[in-house]
Each structure stands twice: as structure tokens, then as C-alpha cells.
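See below for data.pdb, which holds PDB, C-alpha atoms, pLDDT in the B column.
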MODEL        1
ATOM      1  CA  MET A   4      91.846  86.659 122.714  1.00 89.00           C
ATOM      2  CA  ARG A   5      93.088  90.183 123.366  1.00 92.00           C
ATOM      3  CA  ASP A   6      95.352  88.776 126.084  1.00 94.00           C
ATOM      4  CA  GLN A   7      96.684  86.154 123.640  1.00 94.00           C
ATOM      5  CA  VAL A   8      97.531  88.893 121.167  1.00 96.00           C
ATOM      6  CA  ILE A   9      99.314  90.988 123.795  1.00 96.00           C
ATOM      7  CA  ALA A  10     101.225  87.860 124.877  1.00 96.00           C
ATOM      8  CA  VAL A  11     102.387  87.011 121.364  1.00 96.00           C
ATOM      9  CA  ASN A  12     103.321  90.654 120.814  1.00 98.00           C
ATOM     10  CA  ARG A  13     105.485  90.420 123.939  1.00 97.00           C
ATOM     11  CA  ALA A  14     106.955  87.083 122.739  1.00 97.00           C
ATOM     12  CA  PHE A  15     108.130  88.847 119.603  1.00 98.00           C
ATOM     13  CA  TYR A  16     110.043  91.424 121.650  1.00 98.00           C
ATOM     14  CA  ASP A  17     111.345  88.713 123.997  1.00 98.00           C
ATOM     15  CA  ALA A  18     112.808  86.878 120.976  1.00 98.00           C
ATOM     16  CA  PHE A  19     114.451  90.103 119.804  1.00 98.00           C
ATOM     17  CA  GLU A  20     115.841  90.873 123.276  1.00 97.00           C
ATOM     18  CA  ALA A  21     117.204  87.317 123.526  1.00 98.00           C
ATOM     19  CA  LEU A  22     118.750  87.727 120.031  1.00 97.00           C
ATOM     20  CA  ASP A  23     117.192  84.310 119.377  1.00 98.00           C
ATOM     21  CA  ALA A  24     116.535  83.927 115.646  1.00 98.00           C
ATOM     22  CA  ASP A  25     114.744  80.583 116.091  1.00 98.00           C
ATOM     23  CA  ALA A  26     112.322  82.075 118.607  1.00 98.00           C
ATOM     24  CA  MET A  27     111.865  85.047 116.259  1.00 98.00           C
ATOM     25  CA  GLU A  28     111.079  82.700 113.376  1.00 97.00           C
ATOM     26  CA  ARG A  29     108.395  80.973 115.473  1.00 97.00           C
ATOM     27  CA  CYS A  30     106.664  84.348 115.904  1.00 97.00           C
ATOM     28  CA  TRP A  31     106.294  84.841 112.154  1.00 97.00           C
ATOM     29  CA  LEU A  32     103.812  83.586 109.583  1.00 96.00           C
ATOM     30  CA  PRO A  33     105.844  81.474 107.146  1.00 96.00           C
ATOM     31  CA  GLY A  34     105.500  82.241 103.459  1.00 95.00           C
ATOM     32  CA  PRO A  35     105.346  85.114 101.000  1.00 95.00           C
ATOM     33  CA  GLU A  36     102.824  87.217 102.947  1.00 93.00           C
ATOM     34  CA  ALA A  37     105.217  88.162 105.734  1.00 97.00           C
ATOM     35  CA  ALA A  38     106.313  91.793 105.470  1.00 98.00           C
ATOM     36  CA  CYS A  39     108.529  93.991 107.588  1.00 98.00           C
ATOM     37  CA  VAL A  40     109.891  97.525 107.779  1.00 98.00           C
ATOM     38  CA  HIS A  41     112.830  98.144 110.090  1.00 97.00           C
ATOM     39  CA  PRO A  42     113.309 101.762 111.227  1.00 96.00           C
ATOM     40  CA  GLY A  43     114.410 103.892 108.268  1.00 96.00           C
ATOM     41  CA  GLY A  44     114.368 100.914 105.914  1.00 97.00           C
ATOM     42  CA  PRO A  45     112.291  99.778 102.947  1.00 97.00           C
ATOM     43  CA  TRP A  46     109.768  96.925 102.773  1.00 98.00           C
ATOM     44  CA  VAL A  47     111.243  93.463 103.279  1.00 97.00           C
ATOM     45  CA  ARG A  48     108.886  90.806 101.923  1.00 97.00           C
ATOM     46  CA  GLY A  49     108.442  87.072 102.406  1.00 97.00           C
ATOM     47  CA  SER A  50     109.463  85.144 105.506  1.00 97.00           C
ATOM     48  CA  ASP A  51     112.866  84.128 104.094  1.00 98.00           C
ATOM     49  CA  GLU A  52     113.864  87.749 103.478  1.00 98.00           C
ATOM     50  CA  VAL A  53     112.282  88.877 106.728  1.00 98.00           C
ATOM     51  CA  MET A  54     114.217  86.290 108.723  1.00 98.00           C
ATOM     52  CA  ALA A  55     117.438  87.159 106.872  1.00 98.00           C
ATOM     53  CA  SER A  56     116.891  90.770 107.932  1.00 97.00           C
ATOM     54  CA  TRP A  57     116.398  89.761 111.585  1.00 97.00           C
ATOM     55  CA  ARG A  58     119.520  87.596 111.513  1.00 97.00           C
ATOM     56  CA  ALA A  59     121.530  90.504 110.103  1.00 95.00           C
ATOM     57  CA  ILE A  60     120.196  92.852 112.781  1.00 94.00           C
ATOM     58  CA  MET A  61     120.837  90.338 115.560  1.00 95.00           C
ATOM     59  CA  ALA A  62     124.386  89.747 114.308  1.00 93.00           C
ATOM     60  CA  ASN A  63     125.017  93.487 114.684  1.00 90.00           C
ATOM     61  CA  THR A  64     123.403  93.851 118.106  1.00 91.00           C
ATOM     62  CA  ASP A  65     125.249  93.202 121.375  1.00 91.00           C
ATOM     63  CA  TYR A  66     122.440  94.081 123.753  1.00 94.00           C
ATOM     64  CA  ILE A  67     118.904  95.382 123.299  1.00 96.00           C
ATOM     65  CA  GLU A  68     116.096  95.881 125.776  1.00 96.00           C
ATOM     66  CA  PHE A  69     112.484  96.873 125.072  1.00 96.00           C
ATOM     67  CA  ASP A  70     110.033  98.693 127.274  1.00 97.00           C
ATOM     68  CA  ILE A  71     106.808  98.276 125.306  1.00 97.00           C
ATOM     69  CA  GLN A  72     103.964 100.738 125.702  1.00 96.00           C
ATOM     70  CA  VAL A  73     100.875  99.261 124.055  1.00 95.00           C
ATOM     71  CA  GLU A  74      98.899 102.104 122.473  1.00 93.00           C
ATOM     72  CA  ALA A  75      96.064 100.109 120.913  1.00 94.00           C
ATOM     73  CA  VAL A  76      95.005  96.501 120.372  1.00 96.00           C
ATOM     74  CA  HIS A  77      92.358  95.543 117.843  1.00 95.00           C
ATOM     75  CA  VAL A  78      91.164  91.952 117.469  1.00 95.00           C
ATOM     76  CA  ALA A  79      89.009  90.978 114.467  1.00 92.00           C
ATOM     77  CA  ASP A  80      89.476  87.194 114.386  1.00 88.00           C
ATOM     78  CA  PRO A  81      91.441  85.893 112.439  1.00 92.00           C
ATOM     79  CA  VAL A  82      93.389  89.169 112.325  1.00 96.00           C
ATOM     80  CA  ALA A  83      94.651  91.378 115.124  1.00 97.00           C
ATOM     81  CA  TRP A  84      96.952  94.328 115.327  1.00 97.00           C
ATOM     82  CA  VAL A  85      98.904  96.050 118.054  1.00 98.00           C
ATOM     83  CA  ALA A  86     100.058  99.652 117.858  1.00 98.00           C
ATOM     84  CA  CYS A  87     102.864 100.215 120.324  1.00 97.00           C
ATOM     85  CA  LEU A  88     105.734 102.444 121.299  1.00 97.00           C
ATOM     86  CA  GLU A  89     109.069 100.648 121.708  1.00 97.00           C
ATOM     87  CA  ARG A  90     111.334 102.352 124.224  1.00 97.00           C
ATOM     88  CA  ILE A  91     114.668 100.810 123.319  1.00 96.00           C
ATOM     89  CA  THR A  92     117.923 100.678 125.228  1.00 96.00           C
ATOM     90  CA  THR A  93     120.961  99.354 123.385  1.00 93.00           C
ATOM     91  CA  SER A  94     124.510  99.080 124.561  1.00 87.00           C
ATOM     92  CA  GLY A  95     127.784  98.236 122.945  1.00 78.00           C
ATOM     93  CA  PRO A  96     131.400  99.344 122.806  1.00 78.00           C
ATOM     94  CA  GLY A  97     130.297 102.942 122.218  1.00 82.00           C
ATOM     95  CA  GLY A  98     128.159 103.087 125.337  1.00 87.00           C
ATOM     96  CA  THR A  99     124.427 103.017 125.991  1.00 92.00           C
ATOM     97  CA  ALA A 100     121.835 104.581 123.723  1.00 93.00           C
ATOM     98  CA  GLU A 101     118.093 105.078 124.001  1.00 95.00           C
ATOM     99  CA  ALA A 102     115.603 105.416 121.177  1.00 95.00           C
ATOM    100  CA  GLU A 103     111.880 105.367 120.551  1.00 97.00           C
ATOM    101  CA  VAL A 104     110.262 103.430 117.733  1.00 98.00           C
ATOM    102  CA  ALA A 105     106.575 103.469 116.780  1.00 98.00           C
ATOM    103  CA  ALA A 106     105.499  99.969 115.738  1.00 98.00           C
ATOM    104  CA  THR A 107     102.530  98.369 114.031  1.00 98.00           C
ATOM    105  CA  ASN A 108     102.358  94.589 114.457  1.00 98.00           C
ATOM    106  CA  ILE A 109      99.700  92.638 112.529  1.00 98.00           C
ATOM    107  CA  PHE A 110      98.983  89.061 113.582  1.00 98.00           C
ATOM    108  CA  VAL A 111      97.053  86.300 111.796  1.00 96.00           C
ATOM    109  CA  LEU A 112      95.484  83.375 113.664  1.00 95.00           C
ATOM    110  CA  GLY A 113      96.195  79.985 112.103  1.00 88.00           C
ATOM    111  CA  SER A 114      96.779  76.417 113.168  1.00 87.00           C
ATOM    112  CA  GLY A 115     100.030  77.515 114.818  1.00 86.00           C
ATOM    113  CA  GLY A 116      98.333  80.237 116.846  1.00 94.00           C
ATOM    114  CA  TRP A 117      98.779  83.957 116.330  1.00 97.00           C
ATOM    115  CA  ARG A 118     101.672  84.685 113.999  1.00 97.00           C
ATOM    116  CA  LEU A 119     103.163  87.975 112.947  1.00 97.00           C
ATOM    117  CA  ALA A 120     102.302  88.800 109.336  1.00 97.00           C
ATOM    118  CA  LEU A 121     103.593  92.371 109.349  1.00 98.00           C
ATOM    119  CA  HIS A 122     105.919  94.436 111.527  1.00 98.00           C
ATOM    120  CA  HIS A 123     106.443  98.102 110.757  1.00 98.00           C
ATOM    121  CA  GLY A 124     108.844 100.023 112.969  1.00 98.00           C
ATOM    122  CA  SER A 125     109.729 103.694 112.517  1.00 97.00           C
ATOM    123  CA  PRO A 126     111.931 106.116 114.401  1.00 96.00           C
ATOM    124  CA  VAL A 127     110.152 108.695 116.555  1.00 97.00           C
ATOM    125  CA  VAL A 128     112.254 111.791 116.017  1.00 93.00           C
ATOM    126  CA  ARG A 129     109.799 114.645 116.504  1.00 81.00           C
ATOM    127  CA  PRO A 130     106.539 115.456 118.267  1.00 77.00           C
ATOM    128  CA  GLY A 131     103.258 115.145 116.408  1.00 67.00           C
ATOM    129  CA  PRO A 132     102.132 117.785 113.916  1.00 60.00           C
ATOM    130  CA  ARG A 133      99.949 119.647 116.436  1.00 51.00           C
TER
ATOM    131  CA  MET B   5      87.157  92.698  97.530  1.00 89.00           C
ATOM    132  CA  ARG B   6      90.870  93.089  96.877  1.00 92.00           C
ATOM    133  CA  ASP B   7      90.035  95.634  94.166  1.00 93.00           C
ATOM    134  CA  GLN B   8      87.807  97.530  96.612  1.00 94.00           C
ATOM    135  CA  VAL B   9      90.662  97.700  99.091  1.00 96.00           C
ATOM    136  CA  ILE B  10      93.119  98.943  96.474  1.00 96.00           C
ATOM    137  CA  ALA B  11      90.533 101.547  95.392  1.00 96.00           C
ATOM    138  CA  VAL B  12      89.982 102.868  98.909  1.00 96.00           C
ATOM    139  CA  ASN B  13      93.736 102.903  99.472  1.00 98.00           C
ATOM    140  CA  ARG B  14      94.034 105.081  96.353  1.00 97.00           C
ATOM    141  CA  ALA B  15      91.121 107.292  97.543  1.00 97.00           C
ATOM    142  CA  PHE B  16      93.116 108.007 100.692  1.00 98.00           C
ATOM    143  CA  TYR B  17      96.080 109.262  98.653  1.00 98.00           C
ATOM    144  CA  ASP B  18      93.756 111.172  96.315  1.00 98.00           C
ATOM    145  CA  ALA B  19      92.325 113.008  99.337  1.00 98.00           C
ATOM    146  CA  PHE B  20      95.835 113.851 100.519  1.00 98.00           C
ATOM    147  CA  GLU B  21      96.922 115.034  97.034  1.00 97.00           C
ATOM    148  CA  ALA B  22      93.782 117.194  96.785  1.00 98.00           C
ATOM    149  CA  LEU B  23      94.543 118.592 100.285  1.00 97.00           C
ATOM    150  CA  ASP B  24      90.851 117.894 100.922  1.00 98.00           C
ATOM    151  CA  ALA B  25      90.305 117.329 104.652  1.00 98.00           C
ATOM    152  CA  ASP B  26      86.641 116.382 104.191  1.00 98.00           C
ATOM    153  CA  ALA B  27      87.517 113.671 101.674  1.00 98.00           C
ATOM    154  CA  MET B  28      90.293 112.528 104.028  1.00 98.00           C
ATOM    155  CA  GLU B  29      87.816 112.310 106.901  1.00 97.00           C
ATOM    156  CA  ARG B  30      85.510 110.124 104.793  1.00 97.00           C
ATOM    157  CA  CYS B  31      88.385 107.630 104.361  1.00 97.00           C
ATOM    158  CA  TRP B  32      88.773 107.138 108.114  1.00 97.00           C
ATOM    159  CA  LEU B  33      86.951 105.032 110.670  1.00 96.00           C
ATOM    160  CA  PRO B  34      85.378 107.484 113.111  1.00 96.00           C
ATOM    161  CA  GLY B  35      86.028 106.962 116.806  1.00 95.00           C
ATOM    162  CA  PRO B  36      88.769 106.137 119.270  1.00 95.00           C
ATOM    163  CA  GLU B  37      90.245 103.192 117.318  1.00 94.00           C
ATOM    164  CA  ALA B  38      91.737 105.303 114.554  1.00 97.00           C
ATOM    165  CA  ALA B  39      95.517 105.505 114.831  1.00 98.00           C
ATOM    166  CA  CYS B  40      98.183 107.150 112.719  1.00 98.00           C
ATOM    167  CA  VAL B  41     101.938 107.628 112.538  1.00 98.00           C
ATOM    168  CA  HIS B  42     103.247 110.355 110.240  1.00 97.00           C
ATOM    169  CA  PRO B  43     106.880 109.955 109.103  1.00 96.00           C
ATOM    170  CA  GLY B  44     109.191 110.516 112.062  1.00 96.00           C
ATOM    171  CA  GLY B  45     106.304 111.183 114.420  1.00 97.00           C
ATOM    172  CA  PRO B  46     104.689 109.424 117.373  1.00 97.00           C
ATOM    173  CA  TRP B  47     101.317 107.652 117.540  1.00 98.00           C
ATOM    174  CA  VAL B  48      98.299 109.907 117.036  1.00 97.00           C
ATOM    175  CA  ARG B  49      95.166 108.235 118.368  1.00 97.00           C
ATOM    176  CA  GLY B  50      91.423 108.696 117.896  1.00 97.00           C
ATOM    177  CA  SER B  51      89.792 110.129 114.790  1.00 97.00           C
ATOM    178  CA  ASP B  52      89.611 113.685 116.206  1.00 98.00           C
ATOM    179  CA  GLU B  53      93.363 113.804 116.815  1.00 98.00           C
ATOM    180  CA  VAL B  54      94.096 111.984 113.564  1.00 98.00           C
ATOM    181  CA  MET B  55      92.049 114.504 111.575  1.00 98.00           C
ATOM    182  CA  ALA B  56      93.646 117.410 113.441  1.00 98.00           C
ATOM    183  CA  SER B  57      97.033 116.029 112.379  1.00 97.00           C
ATOM    184  CA  TRP B  58      95.945 115.807 108.735  1.00 97.00           C
ATOM    185  CA  ARG B  59      94.567 119.357 108.814  1.00 97.00           C
ATOM    186  CA  ALA B  60      97.876 120.607 110.226  1.00 95.00           C
ATOM    187  CA  ILE B  61      99.851 118.758 107.552  1.00 94.00           C
ATOM    188  CA  MET B  62      97.559 119.987 104.765  1.00 95.00           C
ATOM    189  CA  ALA B  63      97.829 123.577 106.041  1.00 93.00           C
ATOM    190  CA  ASN B  64     101.610 123.295 105.669  1.00 90.00           C
ATOM    191  CA  THR B  65     101.590 121.658 102.235  1.00 91.00           C
ATOM    192  CA  ASP B  66     101.403 123.590  98.975  1.00 91.00           C
ATOM    193  CA  TYR B  67     101.612 120.679  96.581  1.00 94.00           C
ATOM    194  CA  ILE B  68     102.027 116.940  97.032  1.00 96.00           C
ATOM    195  CA  GLU B  69     101.847 114.089  94.555  1.00 96.00           C
ATOM    196  CA  PHE B  70     101.961 110.357  95.238  1.00 96.00           C
ATOM    197  CA  ASP B  71     103.150 107.555  93.027  1.00 97.00           C
ATOM    198  CA  ILE B  72     101.981 104.499  94.989  1.00 97.00           C
ATOM    199  CA  GLN B  73     103.699 101.150  94.579  1.00 96.00           C
ATOM    200  CA  VAL B  74     101.536  98.484  96.226  1.00 95.00           C
ATOM    201  CA  GLU B  75     103.830  95.892  97.809  1.00 94.00           C
ATOM    202  CA  ALA B  76     101.216  93.615  99.347  1.00 94.00           C
ATOM    203  CA  VAL B  77      97.453  93.436  99.892  1.00 96.00           C
ATOM    204  CA  HIS B  78      95.898  91.082 102.412  1.00 95.00           C
ATOM    205  CA  VAL B  79      92.118  90.784 102.776  1.00 95.00           C
ATOM    206  CA  ALA B  80      90.662  88.919 105.765  1.00 92.00           C
ATOM    207  CA  ASP B  81      87.103  90.272 105.843  1.00 88.00           C
ATOM    208  CA  PRO B  82      86.293  92.471 107.809  1.00 92.00           C
ATOM    209  CA  VAL B  83      89.935  93.589 107.913  1.00 96.00           C
ATOM    210  CA  ALA B  84      92.382  94.299 105.119  1.00 97.00           C
ATOM    211  CA  TRP B  85      95.789  95.827 104.936  1.00 97.00           C
ATOM    212  CA  VAL B  86      97.921  97.323 102.223  1.00 98.00           C
ATOM    213  CA  ALA B  87     101.707  97.598 102.432  1.00 98.00           C
ATOM    214  CA  CYS B  88     102.925 100.197  99.979  1.00 97.00           C
ATOM    215  CA  LEU B  89     105.753 102.469  99.010  1.00 97.00           C
ATOM    216  CA  GLU B  90     104.806 106.118  98.602  1.00 97.00           C
ATOM    217  CA  ARG B  91     107.006 107.939  96.096  1.00 97.00           C
ATOM    218  CA  ILE B  92     106.302 111.534  97.003  1.00 96.00           C
ATOM    219  CA  THR B  93     106.933 114.730  95.105  1.00 96.00           C
ATOM    220  CA  THR B  94     106.368 117.987  96.956  1.00 93.00           C
ATOM    221  CA  SER B  95     106.935 121.502  95.779  1.00 87.00           C
ATOM    222  CA  GLY B  96     106.874 124.899  97.385  1.00 78.00           C
ATOM    223  CA  PRO B  97     108.803 128.153  97.533  1.00 78.00           C
ATOM    224  CA  GLY B  98     112.039 126.227  98.142  1.00 81.00           C
ATOM    225  CA  GLY B  99     111.688 124.101  95.012  1.00 87.00           C
ATOM    226  CA  THR B 100     110.742 120.501  94.357  1.00 92.00           C
ATOM    227  CA  ALA B 101     111.650 117.608  96.618  1.00 93.00           C
ATOM    228  CA  GLU B 102     111.261 113.860  96.340  1.00 95.00           C
ATOM    229  CA  ALA B 103     110.994 111.347  99.157  1.00 95.00           C
ATOM    230  CA  GLU B 104     110.055 107.743  99.771  1.00 97.00           C
ATOM    231  CA  VAL B 105     107.795 106.613 102.585  1.00 98.00           C
ATOM    232  CA  ALA B 106     106.957 103.020 103.529  1.00 98.00           C
ATOM    233  CA  ALA B 107     103.303 102.800 104.570  1.00 98.00           C
ATOM    234  CA  THR B 108     101.037 100.294 106.255  1.00 98.00           C
ATOM    235  CA  ASN B 109      97.324 101.013 105.829  1.00 98.00           C
ATOM    236  CA  ILE B 110      94.794  98.893 107.744  1.00 98.00           C
ATOM    237  CA  PHE B 111      91.148  99.047 106.679  1.00 98.00           C
ATOM    238  CA  VAL B 112      88.001  97.822 108.448  1.00 96.00           C
ATOM    239  CA  LEU B 113      84.800  96.995 106.564  1.00 95.00           C
ATOM    240  CA  GLY B 114      81.671  98.485 108.130  1.00 88.00           C
ATOM    241  CA  SER B 115      78.326  99.908 107.063  1.00 87.00           C
ATOM    242  CA  GLY B 116      80.166 102.803 105.398  1.00 86.00           C
ATOM    243  CA  GLY B 117      82.431 100.509 103.388  1.00 93.00           C
ATOM    244  CA  TRP B 118      86.148 100.058 103.925  1.00 97.00           C
ATOM    245  CA  ARG B 119      87.531 102.688 106.255  1.00 97.00           C
ATOM    246  CA  LEU B 120      91.086 103.368 107.322  1.00 97.00           C
ATOM    247  CA  ALA B 121      91.662 102.323 110.940  1.00 97.00           C
ATOM    248  CA  LEU B 122      95.446 102.734 110.927  1.00 98.00           C
ATOM    249  CA  HIS B 123      98.005 104.507 108.760  1.00 98.00           C
ATOM    250  CA  HIS B 124     101.690 104.154 109.548  1.00 98.00           C
ATOM    251  CA  GLY B 125     104.130 106.045 107.354  1.00 98.00           C
ATOM    252  CA  SER B 126     107.905 106.025 107.811  1.00 97.00           C
ATOM    253  CA  PRO B 127     110.782 107.604 105.926  1.00 96.00           C
ATOM    254  CA  VAL B 128     112.877 105.272 103.767  1.00 97.00           C
ATOM    255  CA  VAL B 129     116.376 106.589 104.316  1.00 93.00           C
ATOM    256  CA  ARG B 130     118.556 103.539 103.817  1.00 81.00           C
ATOM    257  CA  PRO B 131     118.582 100.183 102.039  1.00 77.00           C
ATOM    258  CA  GLY B 132     117.515  97.042 103.864  1.00 67.00           C
ATOM    259  CA  PRO B 133     119.807  95.305 106.365  1.00 59.00           C
ATOM    260  CA  ARG B 134     121.123  92.786 103.836  1.00 51.00           C
TER
ENDMDL
END
Any chance you could put this one into C-alpha cells?
Amino acid sequence: MRDQVIAVNRAFYDAFEALDADAMERCWLPGPEAACVHPGGPWVRGSDEVMASWRAIMANTDYIEFDIQVEAVHVADPVAWVACLERITTSGPGGTAEAEVAATNIFVLGSGGWRLALHHGSPVVRPGPR
Amino acid sequence: MRDQVIAVNRAFYDAFEALDADAMERCWLPGPEAACVHPGGPWVRGSDEVMASWRAIMANTDYIEFDIQVEAVHVADPVAWVACLERITTSGPGGTAEAEVAATNIFVLGSGGWRLALHHGSPVVRPGPR
């Protein structure tokens, strides 16, 4: 089950890399419970709003690549979460840029398999407080 | 059970407002599964490191007050999560400052009640992508 969760977590990033909104939508739990924070942004709630936010991001992205470092996986059927570090490379007319984003992804197991209920991404801009 | 989760979510912010590290420690799941992101920071993992990060933050905070807007609560016993917006007021020698942080708090129910397994806070610095 842990492997399933890691696989669906990877499928989410594959959909983003492919800039494939349909594949992204298949990763998400449909309905009002879906919730998302994009780096620096506020809460986006409900799968319609969440998918609108992904479509807007994809429309403004030429190329994006993720190197995902899984920090922790916790499975408590029917819920699981993955804490990971996204090492992101983007490129566009202005050149190539790299960034790091800390992400929490919460999945719920239903008839359609594990679906993303919550994604929270935040920019990593400083070392920890120690 | 939803009310219990909202209460323990509030207890976490009460501990932070009181700058009370012992009360904060009682909110957290002990052990290696605990994980935390402070705004702008990387993953901090394991309850020892998580508590060290809170002690460092508390040592550098004179006054902090939270107005918590709960955006979503999901309970799937033995796991629950709260998505919330933290409206923060801090004050110190430099004056008073206000900030908004989007937070995901994941709780696990054990013999000690609901304990925080993951806290992810991120600065809200821009409107959503729509």
C-alpha cells in the first residue's frame, strides 16, 4: 500500500510535468473536499477551483521538471500522506530556473483508488530555524 | 470527533501564543513520524528536531497572536486534517506586524488523544492563480 501511495504521488508530478490537465484531474478527489495551496498562494478549495488553478498554472508553464525527494510516507488506510521536497527545473524565454518546494500531499482511498485530497506546496527560501 | 479535532487544532495555536514549549510538545506525536515546515523553511523531521525548531522560534518571538480561520476539516479516524488560514499579529521592538500563513495540520488519534503528526505553514504573499 505504501508503494501504491508513492506511485500515485509520482503520477501527480508526472501529470504536472506533462502539463496534462486531464491526467491531473484523474489524480484528484472530485468534490468540495479537495484543497490546494500553490507556493505563496492562499487556499484553493473544491475540485472545480483546484482544477481551474492547475489549468491556469499549466497555461503559464512552458516546461517543468520535478526531482522528487520523498521525506516521509504515512499510510493509515483509507488516508495516506507524503511529505516531499520538489526540486523543480523550469525553462522558458528567460532561461532556466531552479527552485525547491516543500510539499504535503494527502491521499484518500476510494473506489477510484488513491486520490489526492490536499496538496500544499511552499517555497523553501531559507534553512531551518536551528 | 470533528469538534475534538478543531479543539486540538486550537490547543496547538494556544501553545504557540503562550510561547509554552511544554504545551506545544504535548500537542505533537512523539517519535520519528513528526514532520513540520515553518513558513519559507525546509522539512524538519522527527519530534526532537520539530521541538527544537519550536523552541528556537519561541526564543525569537516576543509576542504572537493567531486569528485562525478554519477552511476545511476532514476526519477519517484515526487520521484527521485541518486546512486553515492563520492571521498572525506579532509585535516586538520594531513595532507590530501582520501576516497570513496557510497551514495544513494532520492529526493522528492514539492513546494520548489526537496528536499533531504534521504541520505545514506557508506564507500567503499573493492571490490565487485565477
Margin query: Select, as a PyMOL selection string, those residues of chain A with any atom no more than 9 Å from chain B (distances computed using all atoms listed in the file).
Written below: chain A and resi 36+38+40-48+52+55-57+59-60+74-77+79-83+86-88+103-107+121+123-133
Notebook entry, point to check: Any idea what the distance is between CA of Gly115 in chain A and CA of Cys30 in chain A?
Noted result: 9.6 Å
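You will find CA of Gly99 in chain B at 28.1 Å from CA of Asn13 in chain B.
Applied to the shown file, the PyMOL selection byres ((chain B and resi 23) around 12) selects the residues Phe16, Tyr17, Asp18, Ala19, Phe20, Glu21, Ala22, Asp24, Ala25, Asp26, Ala27, Met28, Glu29, Trp58, Arg59, Ala60, Ile61, Met62, Ala63, Asn64, Thr65, Asp66, Tyr67, Ile68 and Glu69 of chain B.
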Notebook entry, point to check: What is the distance between CA of Pro96 in chain A and CA of Ile71 in chain A, in Å to one decimal?
Noted result: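 That distance, rounded to one decimal, is 24.7 Å.
Closest approach to Arg5 in chain A from the set A:Gly49, A:Val85, A:Thr93, A:Phe69 is made by A:Val85, with distances taken over all atoms listed in the file.
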Margin query: Selection in question (the file shown): the PyMOL selection byres ((chain A and resi 101) around 9). Which residues does it include, as a PyMOL selection string?
Written below: chain A and resi 90-94+99-100+102-103
Margin query: If the PyMOL selection byres ((chain A and resi 33) around 6) were run on this exact file, what residues would it hold? Put them as a PyMOL selection string.
Written below: chain A and resi 32+34+50
Please complete range 26-44 of chain B so it has N, CA and C atoms, and hand it over as a PDB file, in the frame of the given file.
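part.pdb written:
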ATOM      1  N   ASP B  26      87.935 117.075 104.102  1.00 98.00           N
ATOM      2  CA  ASP B  26      86.641 116.382 104.191  1.00 98.00           C
ATOM      3  C   ASP B  26      86.717 115.017 103.514  1.00 98.00           C
ATOM      4  N   ALA B  27      87.343 114.960 102.356  1.00 98.00           N
ATOM      5  CA  ALA B  27      87.517 113.671 101.674  1.00 98.00           C
ATOM      6  C   ALA B  27      88.399 112.748 102.513  1.00 98.00           C
ATOM      7  N   MET B  28      89.434 113.324 103.150  1.00 98.00           N
ATOM      8  CA  MET B  28      90.293 112.528 104.028  1.00 98.00           C
ATOM      9  C   MET B  28      89.478 111.943 105.181  1.00 98.00           C
ATOM     10  N   GLU B  29      88.617 112.776 105.764  1.00 97.00           N
ATOM     11  CA  GLU B  29      87.816 112.310 106.901  1.00 97.00           C
ATOM     12  C   GLU B  29      86.895 111.153 106.491  1.00 97.00           C
ATOM     13  N   ARG B  30      86.385 111.202 105.259  1.00 97.00           N
ATOM     14  CA  ARG B  30      85.510 110.124 104.793  1.00 97.00           C
ATOM     15  C   ARG B  30      86.265 108.795 104.627  1.00 97.00           C
ATOM     16  N   CYS B  31      87.579 108.859 104.493  1.00 97.00           N
ATOM     17  CA  CYS B  31      88.385 107.630 104.361  1.00 97.00           C
ATOM     18  C   CYS B  31      88.562 106.926 105.702  1.00 97.00           C
ATOM     19  N   TRP B  32      88.396 107.659 106.804  1.00 97.00           N
ATOM     20  CA  TRP B  32      88.773 107.138 108.114  1.00 97.00           C
ATOM     21  C   TRP B  32      87.599 106.589 108.904  1.00 97.00           C
ATOM     22  N   LEU B  33      87.878 105.570 109.685  1.00 96.00           N
ATOM     23  CA  LEU B  33      86.951 105.032 110.670  1.00 96.00           C
ATOM     24  C   LEU B  33      86.776 106.089 111.762  1.00 96.00           C
ATOM     25  N   PRO B  34      85.534 106.518 112.025  1.00 96.00           N
ATOM     26  CA  PRO B  34      85.378 107.484 113.111  1.00 96.00           C
ATOM     27  C   PRO B  34      85.515 106.783 114.464  1.00 96.00           C
ATOM     28  N   GLY B  35      85.988 107.510 115.450  1.00 95.00           N
ATOM     29  CA  GLY B  35      86.028 106.962 116.806  1.00 95.00           C
ATOM     30  C   GLY B  35      87.426 106.773 117.348  1.00 95.00           C
ATOM     31  N   PRO B  36      87.497 106.203 118.550  1.00 95.00           N
ATOM     32  CA  PRO B  36      88.769 106.137 119.270  1.00 95.00           C
ATOM     33  C   PRO B  36      89.772 105.146 118.693  1.00 95.00           C
ATOM     34  N   GLU B  37      89.328 104.224 117.819  1.00 94.00           N
ATOM     35  CA  GLU B  37      90.245 103.192 117.318  1.00 94.00           C
ATOM     36  C   GLU B  37      91.209 103.695 116.250  1.00 94.00           C
ATOM     37  N   ALA B  38      90.872 104.786 115.622  1.00 97.00           N
ATOM     38  CA  ALA B  38      91.737 105.303 114.554  1.00 97.00           C
ATOM     39  C   ALA B  38      93.117 105.631 115.117  1.00 97.00           C
ATOM     40  N   ALA B  39      94.147 105.271 114.366  1.00 98.00           N
ATOM     41  CA  ALA B  39      95.517 105.505 114.831  1.00 98.00           C
ATOM     42  C   ALA B  39      96.411 105.787 113.635  1.00 98.00           C
ATOM     43  N   CYS B  40      97.378 106.670 113.837  1.00 98.00           N
ATOM     44  CA  CYS B  40      98.183 107.150 112.719  1.00 98.00           C
ATOM     45  C   CYS B  40      99.595 107.485 113.186  1.00 98.00           C
ATOM     46  N   VAL B  41     100.565 107.140 112.360  1.00 98.00           N
ATOM     47  CA  VAL B  41     101.938 107.628 112.538  1.00 98.00           C
ATOM     48  C   VAL B  41     102.328 108.339 111.252  1.00 98.00           C
ATOM     49  N   HIS B  42     102.675 109.625 111.370  1.00 97.00           N
ATOM     50  CA  HIS B  42     103.247 110.355 110.240  1.00 97.00           C
ATOM     51  C   HIS B  42     104.765 110.172 110.285  1.00 97.00           C
ATOM     52  N   PRO B  43     105.440 110.265 109.130  1.00 96.00           N
ATOM     53  CA  PRO B  43     106.880 109.955 109.103  1.00 96.00           C
ATOM     54  C   PRO B  43     107.679 110.703 110.169  1.00 96.00           C
ATOM     55  N   GLY B  44     108.364 109.943 111.005  1.00 96.00           N
ATOM     56  CA  GLY B  44     109.191 110.516 112.062  1.00 96.00           C
ATOM     57  C   GLY B  44     108.433 110.882 113.322  1.00 96.00           C
TER      58      GLY B  44
END
